[in-house]
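The block underneath contains the structure these notes are about, expressed in structure tokens.
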Amino acid sequence: YTLFNDFAKTLDTLEDKADPELVILFKFNLGMFLFFLSMLSELLGPVPRKLLSVIGLKGDQEKGLAYLTTVVEANSIRSGFAYAILIAK
């Protein structure tokens, strides 16, 4: 999870240097991870949520949805999948 946090911090600096499709791929994957982790912790209840928190896994639904929204707006091959997740939330 620390790797995801570190990568999220450097993702904005990569946009200028990396292939745009690669950046969209990373945003899609990171958005899915953060969104589903937040949903998982909400569904499981307080005890598993505390266990996930102790391990260091904390979902951020707002940030995950923001990444997925960026993917939808990019009109890439992953935009349809991201849009389906945004609709289903």
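Naming works like this for the structure tokens: A, B, ... for the chains as they're shown, residue 1 at the start of each chain, ligands 1 onward in shown order.
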Exercise. Could you name the residues that touch Phe7 in chain A at 12 Å or less, counting only C-alpha atoms, but leaving out those on the same chain fewer than 5 positions away, as an MDAnalysis selection string?
Worked result: chainID A and resid 1:2 12:14 23 26:27 29:30
Problem set entry | Closest of A:Lys58, A:Pro46, A:Phe35, A:Ala74 to Leu86 in chain A - atom-to-atom distances counting only C-alpha atoms | A:Phe35
Exercise. What is the CA of Ile24 in chain A to CA of Val71 in chain A distance in Å?
Worked result: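 Computed distance, CA of Ile24 in chain A to CA of Val71 in chain A, equals 5.9 Å.
Candidate residues A:Leu68, A:Leu37, A:Leu43, A:Ile85 were compared for distance to Leu25 in chain A, and the nearest is A:Leu68, using only C-alpha atoms.
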Problem set entry | Spatial neighbours of Gly64 in chain A, 9 Å, only C-alpha atoms, chain gap at least 5 places, as a list in words |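 Counting only C-alpha atoms, the residues come to Lys27, Phe28, Leu30, Gly31, Met32, Phe33, Leu34, Phe35, Phe36, Ser38, Gly59 and Thr69 of chain A.
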Output file for the residues above (all heavy atoms, as an mmCIF file, in the first residue's frame):
data_model
loop_
_atom_site.group_PDB
_atom_site.id
_atom_site.type_symbol
_atom_site.label_atom_id
_atom_site.label_comp_id
_atom_site.auth_asym_id
_atom_site.auth_seq_id
_atom_site.Cartn_x
_atom_site.Cartn_y
_atom_site.Cartn_z
ATOM 1 N N LYS A 27 -3.765 5.558 -13.532
ATOM 2 C CA LYS A 27 -4.869 6.224 -12.855
ATOM 3 C C LYS A 27 -6.071 5.298 -12.722
ATOM 4 O O LYS A 27 -6.763 5.303 -11.701
ATOM 5 C CB LYS A 27 -5.262 7.505 -13.580
ATOM 6 C CG LYS A 27 -4.270 8.619 -13.379
ATOM 7 C CD LYS A 27 -4.740 9.905 -14.001
ATOM 8 C CE LYS A 27 -3.734 11.010 -13.708
ATOM 9 N NZ LYS A 27 -4.204 12.311 -14.158
ATOM 10 N N PHE A 28 -6.312 4.501 -13.755
ATOM 11 C CA PHE A 28 -7.416 3.544 -13.701
ATOM 12 C C PHE A 28 -7.173 2.516 -12.601
ATOM 13 O O PHE A 28 -8.048 2.259 -11.773
ATOM 14 C CB PHE A 28 -7.576 2.857 -15.060
ATOM 15 C CG PHE A 28 -8.657 1.817 -15.091
ATOM 16 C CD1 PHE A 28 -9.989 2.198 -15.114
ATOM 17 C CD2 PHE A 28 -8.344 0.471 -15.096
ATOM 18 C CE1 PHE A 28 -10.990 1.241 -15.147
ATOM 19 C CE2 PHE A 28 -9.337 -0.480 -15.135
ATOM 20 C CZ PHE A 28 -10.666 -0.100 -15.155
ATOM 21 N N LEU A 30 -5.093 2.644 -9.982
ATOM 22 C CA LEU A 30 -5.061 3.258 -8.667
ATOM 23 C C LEU A 30 -6.461 3.668 -8.223
ATOM 24 O O LEU A 30 -6.833 3.484 -7.059
ATOM 25 C CB LEU A 30 -4.126 4.465 -8.674
ATOM 26 C CG LEU A 30 -3.849 5.122 -7.338
ATOM 27 C CD1 LEU A 30 -3.240 4.123 -6.355
ATOM 28 C CD2 LEU A 30 -2.923 6.307 -7.515
ATOM 29 N N GLY A 31 -7.250 4.193 -9.140
ATOM 30 C CA GLY A 31 -8.625 4.563 -8.814
ATOM 31 C C GLY A 31 -9.461 3.361 -8.419
ATOM 32 O O GLY A 31 -10.228 3.412 -7.452
ATOM 33 N N MET A 32 -9.318 2.262 -9.161
ATOM 34 C CA MET A 32 -10.040 1.031 -8.826
ATOM 35 C C MET A 32 -9.621 0.526 -7.449
ATOM 36 O O MET A 32 -10.458 0.134 -6.635
ATOM 37 C CB MET A 32 -9.753 -0.048 -9.874
ATOM 38 C CG MET A 32 -10.307 0.241 -11.225
ATOM 39 S SD MET A 32 -11.930 -0.432 -11.452
ATOM 40 C CE MET A 32 -11.604 -2.158 -11.342
ATOM 41 N N PHE A 33 -8.318 0.515 -7.181
ATOM 42 C CA PHE A 33 -7.809 0.017 -5.910
ATOM 43 C C PHE A 33 -8.363 0.843 -4.749
ATOM 44 O O PHE A 33 -8.889 0.287 -3.779
ATOM 45 C CB PHE A 33 -6.274 0.048 -5.918
ATOM 46 C CG PHE A 33 -5.659 -0.392 -4.630
ATOM 47 C CD1 PHE A 33 -5.606 -1.733 -4.297
ATOM 48 C CD2 PHE A 33 -5.115 0.530 -3.759
ATOM 49 C CE1 PHE A 33 -5.040 -2.149 -3.109
ATOM 50 C CE2 PHE A 33 -4.544 0.138 -2.571
ATOM 51 C CZ PHE A 33 -4.507 -1.211 -2.243
ATOM 52 N N LEU A 34 -8.263 2.150 -4.841
ATOM 53 C CA LEU A 34 -8.719 3.007 -3.750
ATOM 54 C C LEU A 34 -10.234 2.932 -3.564
ATOM 55 O O LEU A 34 -10.731 2.868 -2.440
ATOM 56 C CB LEU A 34 -8.293 4.454 -4.001
ATOM 57 C CG LEU A 34 -6.800 4.727 -3.924
ATOM 58 C CD1 LEU A 34 -6.502 6.148 -4.374
ATOM 59 C CD2 LEU A 34 -6.278 4.477 -2.529
ATOM 60 N N PHE A 35 -10.966 2.929 -4.672
ATOM 61 C CA PHE A 35 -12.421 2.895 -4.584
ATOM 62 C C PHE A 35 -12.909 1.572 -3.998
ATOM 63 O O PHE A 35 -13.715 1.553 -3.071
ATOM 64 C CB PHE A 35 -13.045 3.128 -5.960
ATOM 65 C CG PHE A 35 -14.536 3.049 -5.959
ATOM 66 C CD1 PHE A 35 -15.293 4.045 -5.370
ATOM 67 C CD2 PHE A 35 -15.185 1.977 -6.541
ATOM 68 C CE1 PHE A 35 -16.676 3.975 -5.355
ATOM 69 C CE2 PHE A 35 -16.563 1.901 -6.538
ATOM 70 C CZ PHE A 35 -17.309 2.898 -5.943
ATOM 71 N N PHE A 36 -12.431 0.461 -4.520
ATOM 72 C CA PHE A 36 -12.905 -0.836 -4.035
ATOM 73 C C PHE A 36 -12.423 -1.134 -2.629
ATOM 74 O O PHE A 36 -13.116 -1.797 -1.860
ATOM 75 C CB PHE A 36 -12.532 -1.956 -5.002
ATOM 76 C CG PHE A 36 -13.413 -1.986 -6.212
ATOM 77 C CD1 PHE A 36 -12.882 -1.891 -7.480
ATOM 78 C CD2 PHE A 36 -14.784 -2.084 -6.086
ATOM 79 C CE1 PHE A 36 -13.698 -1.901 -8.599
ATOM 80 C CE2 PHE A 36 -15.613 -2.090 -7.198
ATOM 81 C CZ PHE A 36 -15.066 -2.006 -8.457
ATOM 82 N N SER A 38 -12.127 1.133 -0.315
ATOM 83 C CA SER A 38 -13.043 1.894 0.548
ATOM 84 C C SER A 38 -14.398 1.204 0.639
ATOM 85 O O SER A 38 -15.017 1.173 1.708
ATOM 86 C CB SER A 38 -13.198 3.317 0.043
ATOM 87 O OG SER A 38 -13.946 3.359 -1.143
ATOM 88 N N GLY A 59 -8.738 2.805 2.141
ATOM 89 C CA GLY A 59 -9.285 3.252 0.868
ATOM 90 C C GLY A 59 -9.693 4.710 0.941
ATOM 91 O O GLY A 59 -10.039 5.222 1.997
ATOM 92 N N THR A 69 -12.777 9.370 -12.790
ATOM 93 C CA THR A 69 -13.365 10.442 -13.586
ATOM 94 C C THR A 69 -12.365 10.958 -14.618
ATOM 95 O O THR A 69 -12.730 11.233 -15.763
ATOM 96 C CB THR A 69 -13.831 11.593 -12.678
ATOM 97 O OG1 THR A 69 -14.771 11.069 -11.735
ATOM 98 C CG2 THR A 69 -14.481 12.700 -13.474
#
Problem set entry | Coordinates-based distance that separates CA of Leu40 in chain A from CA of Ile87 in chain A (Å, one decimal) |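 Result for CA of Ile87 in chain A versus CA of Leu40 in chain A: 17.6 Å, one decimal.
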For this session: From chain A, collect each residue whose DSSP state is helix (DSSP H, G or I) and return the set as a count of residues only.
Result: 72
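Of the listed residues A:Leu11, A:Met39, A:Leu57, A:Ser76, the one whose atoms come nearest to Ala88 in chain A is A:Met39, with distances taken using only C-alpha atoms.
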For this session: Just give me the gap between CA of Leu22 in chain A and CA of Ala82 in chain A in Å, one decimal is fine.
Result: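 These two atoms are separated by 15.3 Å.
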